[in-house]
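J.: So I've got this file, start_32.txt, and it contains compact mmCIF, C-alpha atoms:
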```
# COMPACT_ATOMS: atom_id res chain seq x y z
CA MET V 13 -26.61 5.71 29.80
CA ASP V 14 -24.20 8.61 29.47
CA ASP V 15 -24.66 10.70 26.33
CA PHE V 16 -21.06 11.17 25.35
CA ARG V 17 -18.26 8.71 25.98
CA LEU V 18 -14.92 10.13 25.01
CA ALA V 19 -13.19 6.91 23.99
CA ARG V 20 -16.15 5.88 21.88
CA ASP V 21 -17.39 9.10 20.36
CA LEU V 22 -14.19 11.02 19.75
CA PRO V 23 -12.64 8.49 17.35
CA ILE V 24 -15.97 8.13 15.54
CA LEU V 25 -16.26 11.90 15.14
CA PHE V 26 -12.62 12.06 14.01
CA GLY V 27 -13.21 9.30 11.47
CA ALA V 28 -16.49 10.76 10.28
CA PHE V 29 -14.77 14.10 9.67
CA PHE V 30 -12.17 12.51 7.40
CA VAL V 31 -14.73 10.41 5.55
CA LEU V 32 -16.79 13.55 5.00
CA THR V 33 -13.79 15.46 3.63
CA ALA V 34 -13.08 12.48 1.40
CA ALA V 35 -16.56 12.80 -0.05
CA ILE V 36 -16.10 16.55 -0.50
CA GLY V 37 -12.73 15.95 -2.17
CA VAL V 38 -14.17 13.35 -4.52
CA VAL V 39 -16.83 15.83 -5.61
CA ARG V 40 -14.56 18.86 -5.89
CA PHE V 41 -11.30 17.58 -7.32
CA PRO V 42 -11.02 18.04 -11.08
CA ASP V 43 -10.26 14.56 -12.43
CA LEU V 44 -10.25 10.89 -11.54
CA TYR V 45 -6.57 10.84 -10.60
CA SER V 46 -6.88 13.68 -8.09
CA ARG V 47 -10.06 12.15 -6.69
CA LEU V 48 -8.20 8.95 -5.95
CA HIS V 49 -5.99 10.89 -3.51
CA ALA V 50 -9.10 11.82 -1.53
CA SER V 51 -10.77 8.43 -1.70
CA SER V 52 -7.67 6.39 -0.83
CA LYS V 53 -5.90 8.39 1.89
CA LEU V 54 -8.82 10.03 3.68
CA VAL V 55 -11.07 6.99 3.77
CA THR V 56 -8.28 4.83 5.21
CA LEU V 57 -7.68 7.08 8.21
CA GLY V 58 -11.37 7.89 8.53
CA SER V 59 -12.39 4.27 8.75
CA ALA V 60 -9.56 3.63 11.22
CA GLY V 61 -11.15 6.22 13.51
CA ILE V 62 -14.63 4.77 13.12
CA PHE V 63 -13.39 1.21 13.75
CA LEU V 64 -11.61 2.32 16.93
CA GLY V 65 -14.75 4.02 18.20
CA VAL V 66 -16.89 1.00 17.39
CA ALA V 67 -14.41 -1.27 19.19
CA PHE V 68 -14.70 0.91 22.30
CA ALA V 69 -18.48 0.97 22.01
CA LEU V 70 -18.63 -2.83 21.89
CA SER V 71 -15.75 -2.96 24.38
CA ASP V 72 -14.86 -6.60 24.32
CA ALA V 73 -11.56 -8.09 23.28
CA ALA V 74 -12.99 -9.90 20.27
CA ALA V 75 -14.29 -6.64 18.83
CA PHE V 76 -10.81 -5.12 19.02
CA THR V 77 -9.07 -8.02 17.30
CA ARG V 78 -11.76 -8.34 14.63
CA LEU V 79 -11.68 -4.66 13.83
CA ALA V 80 -7.88 -4.76 13.81
CA ALA V 81 -8.07 -7.49 11.18
CA VAL V 82 -10.64 -5.49 9.20
CA LEU V 83 -8.39 -2.43 9.38
CA LEU V 84 -5.42 -4.47 8.24
CA PHE V 85 -7.33 -5.58 5.16
CA GLN V 86 -8.49 -2.02 4.59
CA PHE V 87 -4.84 -0.95 4.51
CA LEU V 88 -4.00 -3.80 2.14
CA THR V 89 -6.85 -3.33 -0.32
CA THR V 90 -7.35 0.43 -0.60
CA PRO V 91 -3.97 1.25 -2.20
CA LEU V 92 -4.32 -1.75 -4.46
CA SER V 93 -7.67 -0.63 -5.84
CA ALA V 94 -6.42 2.96 -6.22
CA TYR V 95 -3.41 1.69 -8.15
CA LEU V 96 -5.51 -0.47 -10.47
CA ILE V 97 -8.10 2.24 -11.09
CA ALA V 98 -5.42 4.85 -11.87
CA GLN V 99 -3.51 2.49 -14.13
CA ALA V 100 -6.57 1.23 -15.99
CA ALA V 101 -7.89 4.76 -16.55
CA TYR V 102 -4.52 6.02 -17.73
CA LEU V 103 -3.70 3.16 -20.07
CA ARG V 104 -7.22 3.29 -21.51
CA GLY V 105 -6.58 6.92 -22.35
CA LEU V 106 -8.51 9.01 -19.81
CA PRO V 107 -6.57 12.27 -19.99
CA PRO V 108 -5.36 13.60 -16.63
CA ILE V 109 -5.59 17.30 -15.90
CA LEU V 110 -1.97 18.31 -15.39
CA THR V 111 -1.64 21.97 -14.50
CA GLY V 112 1.44 21.17 -12.47
CA GLY V 113 3.67 20.09 -15.33
CA VAL V 114 4.39 17.38 -17.77
CA ASP V 115 3.37 13.75 -17.85
CA GLU V 116 6.65 11.94 -17.37
CA TRP V 117 5.12 8.54 -18.05
CA GLY V 118 3.88 9.43 -21.51
CA ALA V 119 2.00 6.17 -22.11
CA LEU V 120 -1.51 7.62 -22.07
CA GLY V 121 -3.99 5.32 -23.77
CA ARG V 122 -1.40 2.75 -24.75
CA ALA V 123 -3.02 -0.19 -22.99
CA ASP V 124 -2.46 -2.67 -25.82
CA GLU V 125 1.21 -1.82 -26.24
CA VAL V 126 1.84 -2.04 -22.51
CA ALA V 127 -0.01 -5.35 -22.22
CA GLN V 128 2.03 -6.72 -25.10
CA ALA V 129 5.28 -5.52 -23.55
CA ASP V 130 4.25 -7.01 -20.21
CA ARG V 131 3.68 -10.40 -21.77
CA GLU V 132 7.09 -10.24 -23.39
CA ALA V 133 8.74 -9.20 -20.15
CA GLN V 134 7.05 -12.08 -18.31
CA ARG V 135 8.32 -14.51 -20.93
CA LEU V 136 11.84 -13.12 -20.61
CA LEU V 137 11.71 -13.30 -16.82
CA ALA V 138 10.50 -16.90 -16.95
CA ALA V 139 13.24 -17.83 -19.42
CA GLU V 140 15.92 -16.04 -17.39
CA SER V 141 15.09 -17.67 -14.09
CA GLY V 142 15.45 -21.02 -15.84
CA GLU V 143 12.84 -22.62 -13.64
CA ASP V 144 9.53 -23.93 -14.81
CA GLU V 145 6.59 -22.37 -13.02
CA GLY V 146 3.93 -24.12 -10.99
CA MET S 30 6.94 -14.87 1.26
CA ASN S 31 7.93 -18.44 2.04
CA ARG S 32 5.46 -21.13 2.98
CA PRO S 33 5.81 -21.32 6.81
CA THR S 34 5.55 -17.53 7.14
CA LEU S 35 2.47 -17.43 4.96
CA VAL S 36 0.75 -20.26 6.84
CA SER S 37 1.41 -18.75 10.28
CA LEU S 38 0.22 -15.37 9.02
CA LEU S 39 -3.05 -16.95 7.91
CA ALA S 40 -3.41 -18.63 11.30
CA VAL S 41 -2.96 -15.29 13.07
CA VAL S 42 -5.54 -13.61 10.82
CA TRP S 43 -7.96 -16.45 11.57
CA ALA S 44 -7.48 -16.02 15.31
CA LEU S 45 -7.90 -12.25 14.98
CA LEU S 46 -11.19 -12.68 13.12
CA LEU S 47 -12.50 -15.12 15.73
CA GLY S 48 -11.39 -12.70 18.41
CA ASP S 49 -10.03 -15.50 20.53
CA PRO S 50 -6.39 -16.55 20.51
CA ALA S 51 -7.16 -19.96 22.02
CA LEU S 52 -4.82 -22.75 21.00
CA ARG S 53 -7.45 -24.78 19.18
CA HIS S 54 -8.38 -21.77 17.06
CA LEU S 55 -4.75 -21.27 16.13
CA ALA S 56 -4.57 -24.96 15.24
CA VAL S 57 -7.65 -24.68 13.02
CA GLY S 58 -6.10 -21.55 11.50
CA LEU S 59 -2.91 -23.43 10.76
CA GLY S 60 -4.89 -26.19 9.08
CA LEU S 61 -6.81 -23.68 7.00
CA GLY S 62 -3.55 -21.93 6.17
CA VAL S 63 -2.00 -25.12 4.87
CA LEU S 64 -5.13 -25.77 2.81
CA ILE S 65 -5.23 -22.25 1.37
CA VAL S 66 -1.54 -22.26 0.50
CA ARG S 67 -2.00 -25.64 -1.16
CA LEU S 68 -4.99 -24.34 -3.14
CA PHE S 69 -3.27 -21.11 -4.17
CA PRO S 70 0.41 -21.90 -4.55
CA GLY S 71 0.99 -18.70 -6.54
CA GLY S 72 1.30 -16.72 -3.31
CA VAL S 73 4.32 -18.67 -2.14
CA GLY S 74 7.62 -17.01 -2.92
CA PRO S 75 10.97 -18.68 -3.48
CA GLY S 76 11.79 -21.31 -0.89
CA ALA S 77 13.11 -20.21 2.46
CA THR S 78 16.85 -19.77 2.38
CA LEU S 79 17.76 -22.04 5.23
CA ARG S 80 20.52 -20.06 6.81
CA ARG S 81 21.47 -20.05 10.43
CA PRO S 82 19.43 -17.19 11.94
CA ASP S 83 21.74 -14.24 12.31
CA LEU S 84 20.63 -12.50 15.49
CA ARG S 85 22.27 -9.19 14.73
CA ALA S 86 20.84 -9.03 11.21
CA SER S 87 17.33 -9.85 12.44
CA LEU S 88 17.67 -7.16 15.07
CA ARG S 89 18.71 -4.64 12.41
CA ARG S 90 15.74 -5.65 10.29
CA GLY S 91 13.41 -5.35 13.26
CA VAL S 92 14.63 -1.83 13.93
CA ALA S 93 14.23 -0.96 10.24
CA TRP S 94 10.63 -2.24 10.31
CA LEU S 95 9.87 -0.17 13.40
CA ARG S 96 11.43 2.93 11.83
CA LEU S 97 9.29 2.35 8.73
CA LEU S 98 6.16 1.95 10.86
CA GLY S 99 6.79 5.17 12.79
CA PHE S 100 7.56 7.06 9.60
CA PHE S 101 4.46 5.63 7.93
CA LEU S 102 2.08 6.57 10.74
CA ARG S 103 3.46 10.11 10.86
CA GLU S 104 3.22 10.52 7.10
CA LEU S 105 -0.27 9.02 6.97
CA THR S 106 -1.46 11.69 9.39
CA VAL S 107 0.24 14.45 7.43
CA ALA S 108 -1.23 13.09 4.20
CA ASN S 109 -4.73 13.13 5.56
CA VAL S 110 -4.52 16.64 6.94
CA GLN S 111 -3.02 17.83 3.65
CA VAL S 112 -5.67 16.27 1.42
CA ALA S 113 -8.43 17.35 3.80
CA LEU S 114 -7.16 20.93 3.57
CA LEU S 115 -7.02 20.73 -0.22
CA ALA S 116 -10.58 19.39 -0.30
CA LEU S 117 -11.90 22.15 1.94
CA GLN S 118 -10.03 25.16 0.53
CA SER S 119 -12.03 27.47 -1.70
CA ARG S 120 -9.31 27.54 -4.37
CA PRO S 121 -6.96 24.62 -3.77
CA ARG S 122 -3.65 24.66 -5.62
CA LEU S 123 -3.66 21.01 -6.63
CA ASN S 124 -0.81 21.28 -9.09
CA PRO S 125 -1.38 17.76 -10.45
CA LEU S 126 1.44 16.03 -12.30
CA ILE S 127 2.71 12.57 -13.19
CA VAL S 128 6.29 11.76 -12.24
CA GLU S 129 8.60 8.89 -12.95
CA VAL S 130 10.91 7.63 -10.23
CA PRO S 131 13.96 5.48 -10.96
CA LEU S 132 13.95 2.61 -8.48
CA ARG S 133 16.75 1.15 -6.40
CA LEU S 134 14.53 -1.54 -4.87
CA ARG S 135 14.48 -4.81 -6.79
CA SER S 136 12.43 -7.43 -4.96
CA GLU S 137 8.77 -7.78 -5.84
CA GLY S 138 7.57 -7.65 -2.26
CA MET S 139 9.39 -4.42 -1.53
CA LEU S 140 8.13 -2.81 -4.74
CA THR S 141 4.58 -3.71 -3.69
CA LEU S 142 5.17 -2.23 -0.25
CA LEU S 143 6.60 0.95 -1.81
CA ALA S 144 3.57 1.37 -4.09
CA PHE S 145 1.19 0.82 -1.17
CA THR S 146 3.04 3.20 1.10
CA ILE S 147 3.29 6.11 -1.32
CA THR S 148 -0.42 5.79 -2.12
CA LEU S 149 -1.23 6.40 1.53
CA MET S 150 1.39 9.14 1.90
CA PRO S 151 1.18 12.88 1.27
CA GLY S 152 0.84 13.95 -2.34
CA THR S 153 1.36 10.75 -4.29
CA VAL S 154 -0.65 7.84 -5.67
CA ALA S 155 1.15 4.98 -7.42
CA MET S 156 -0.01 4.46 -11.01
CA GLY S 157 2.28 1.96 -12.64
CA LEU S 158 5.61 0.26 -13.06
CA SER S 159 7.74 0.14 -16.15
CA ARG S 160 8.00 -3.26 -17.81
CA ASP S 161 11.55 -3.78 -16.48
CA ARG S 162 10.42 -2.84 -12.94
CA ARG S 163 13.07 -0.14 -12.75
CA THR S 164 10.75 2.85 -12.85
CA LEU S 165 7.68 3.74 -10.82
CA TYR S 166 5.05 6.14 -12.14
CA ALA S 167 3.00 8.14 -9.70
CA HIS S 168 0.36 10.85 -9.76
CA ALA S 169 1.06 13.75 -7.42
CA ILE S 170 -1.03 16.61 -6.08
CA GLY S 171 -0.19 19.38 -3.67
CA THR S 172 3.56 19.23 -4.26
CA ALA S 173 5.65 22.20 -5.37
CA ASP S 174 7.01 20.53 -8.51
CA ALA S 175 8.01 17.20 -10.01
CA GLU S 176 11.32 17.21 -8.13
CA ALA S 177 9.57 17.53 -4.76
CA ALA S 178 7.18 14.69 -5.58
CA ARG S 179 10.07 12.50 -6.69
CA ALA S 180 12.05 13.32 -3.57
CA SER S 181 9.21 12.25 -1.29
CA ILE S 182 9.00 8.85 -3.02
CA VAL S 183 12.77 8.39 -2.90
CA ARG S 184 12.60 9.09 0.84
CA VAL S 185 10.10 6.26 1.34
CA GLU S 186 12.30 4.00 -0.73
CA SER S 187 15.27 4.73 1.50
CA TYR S 188 13.26 3.40 4.46
CA LEU S 189 12.54 0.19 2.54
CA LEU S 190 16.07 -0.44 1.24
CA PRO S 191 17.43 -1.89 4.52
CA LEU S 192 14.53 -4.38 4.53
CA GLU S 193 15.42 -5.86 1.19
CA THR S 194 17.38 -9.09 1.57
CA PRO S 195 20.54 -8.35 -0.40
CA PRO S 196 21.96 -11.66 -1.65
CA SER S 197 19.08 -13.46 -3.35
CA SER S 198 17.01 -10.47 -4.40
CA LEU S 199 18.99 -9.77 -7.57
CA SER S 200 17.72 -12.86 -9.31
CA PRO S 201 14.13 -12.57 -10.51
CA THR S 202 11.69 -14.30 -8.22
CA GLY S 203 9.33 -16.98 -9.46
CA GLY S 204 6.13 -15.58 -7.96
CA PRO S 205 3.67 -13.93 -10.32
CA ALA S 206 3.03 -10.21 -10.00
```
Starting from the file, lay out its structure as structure tokens.
T.:
Amino acid sequence: MDDFRLARDLPILFGAFFVLTAAIGVVRFPDLYSRLHASSKLVTLGSAGIFLGVAFALSDAAAFTRLAAVLLFQFLTTPLSAYLIAQAAYLRGLPPILTGGVDEWGALGRADEVAQADREAQRLLAAESGEDEG
Amino acid sequence: MNRPTLVSLLAVVWALLLGDPALRHLAVGLGLGVLIVRLFPGGVGPGATLRRPDLRASLRRGVAWLRLLGFFLRELTVANVQVALLALQSRPRLNPLIVEVPLRLRSEGMLTLLAFTITLMPGTVAMGLSRDRRTLYAHAIGTADAEAARASIVRVESYLLPLETPPSSLSPTGGPA
């Protein structure tokens, strides 16, 4: 019944710090796109720390492999959701705050056009490859 | 990803989740993998190119993967410290901008990996691909200017280029995006 176990508590503290800064970043950053930086990067490392600490706290092999799998899926899903949120917001026309310079994409709010172009590109790709799908 | 790779990957994930790499669990995982791949055939890439395994090429690829992993872990740490500092500063200089990056990578898998990696790396979040898959659009904060943001993405790409299989990747793959 020791109060502080280094291997268990240090990673949890480390992770909690980054999750806390993620929350602060989400509140303080000026627009959705900047907030995604905080919520995607910081939460990934933060949860990695917390998972490691929890694995040490449970300290059996199954906990380590399970949490490794959970972390793997965290790494796979977080960037995906950030990508989809950013893209959906942008193509639906949520204006980004860009003090740093120009918007080199220049497709703000053009969801319909892009969807149309995507469908055409898919058709072309399918025709080019000359194979039927499925 | 070809079918055998996908199935064995699913088996490993199954064993990881059970927390027990016993043989029967792996066997059950393999069975589940076959079932899942049969149910969702969209995940299977073009058929495995049945070439004689080239030891030296696999070794090179292994080294390239390790280099990417090391680079990624280092950059992930830097990214977190950077964003944490920006979040905690009283007057952060976010300098947000949207950049376009011309791509040298062609294969779908590598483009996915690039988008994932830059989202977890300092300064950039992937936002979109052009319809011809030749240009990546990314949102950047905390970089000096558009050139710096672009350069950091190009650097990640250069780590991924040696992992792209050169001969077959030029033809469009059948898998859906």
J.: Which is closest to Tyr166 of chain S among V:Leu64, V:Ala127, V:Ala119, V:Leu88, if we use all atoms listed in the file?
T.: V:Ala119
J.: Using all atoms listed in the file, determine which residues of chain V fall within 6 Å of chain S; present them as a PyMOL selection string.
T.: chain V and resi 33+37+53-54+74+77-78+91+95+98-99+110-113+115-116+130
J.: Would you mind reading off the distance between atom CA of Thr194 of chain S and atom CA of Arg131 of chain V, one decimal, in Å?
T.: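 So the two atoms, atom CA of Thr194 of chain S and atom CA of Arg131 of chain V, lie 27.1 Å apart.
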J.: Give me, please, the distance in Å between atom CA of Leu55 of chain S and atom CA of Pro33 of chain S, quoted to one decimal.
T.: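 If I compute the distance from atom CA of Leu55 of chain S to atom CA of Pro33 of chain S, I get 14.1 Å.
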J.: Using atom CA of Glu176 of chain S and atom CA of Leu189 of chain S as the two end points, give the distance in Å to one decimal.
T.: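 Between atom CA of Glu176 of chain S and atom CA of Leu189 of chain S the gap works out to 20.1 Å.
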J.: Given 6 Å of margin on each side, can you work out the centre and size in Å (one decimal) of an axis-aligned box holding every listed atom of segment 155-174 of chain S, as lines of an AutoDock Vina configuration file?
T.:
```
center_x = 6.0
center_y = 9.2
center_z = -10.7
size_x = 26.1
size_y = 38.0
size_z = 26.1
```
J.: Can you pull out the residues contacting Gly61 of chain V? Cut-off 8 Å, using all atoms listed in the file, and skip same-chain residues under 6 positions away; I want them as a PyMOL selection string.
T.: chain V and resi 23-28
J.: Would you list the residues near (-7.0, 13.5, -25.1), meaning any protein, DNA or RNA residue with an atom at most 10 Å from that point in file coordinates, counting all atoms listed in the file, as a list of chain:residue names?
T.: V:Gly105, V:Leu106, V:Pro107, V:Pro108, V:Leu120, V:Gly121
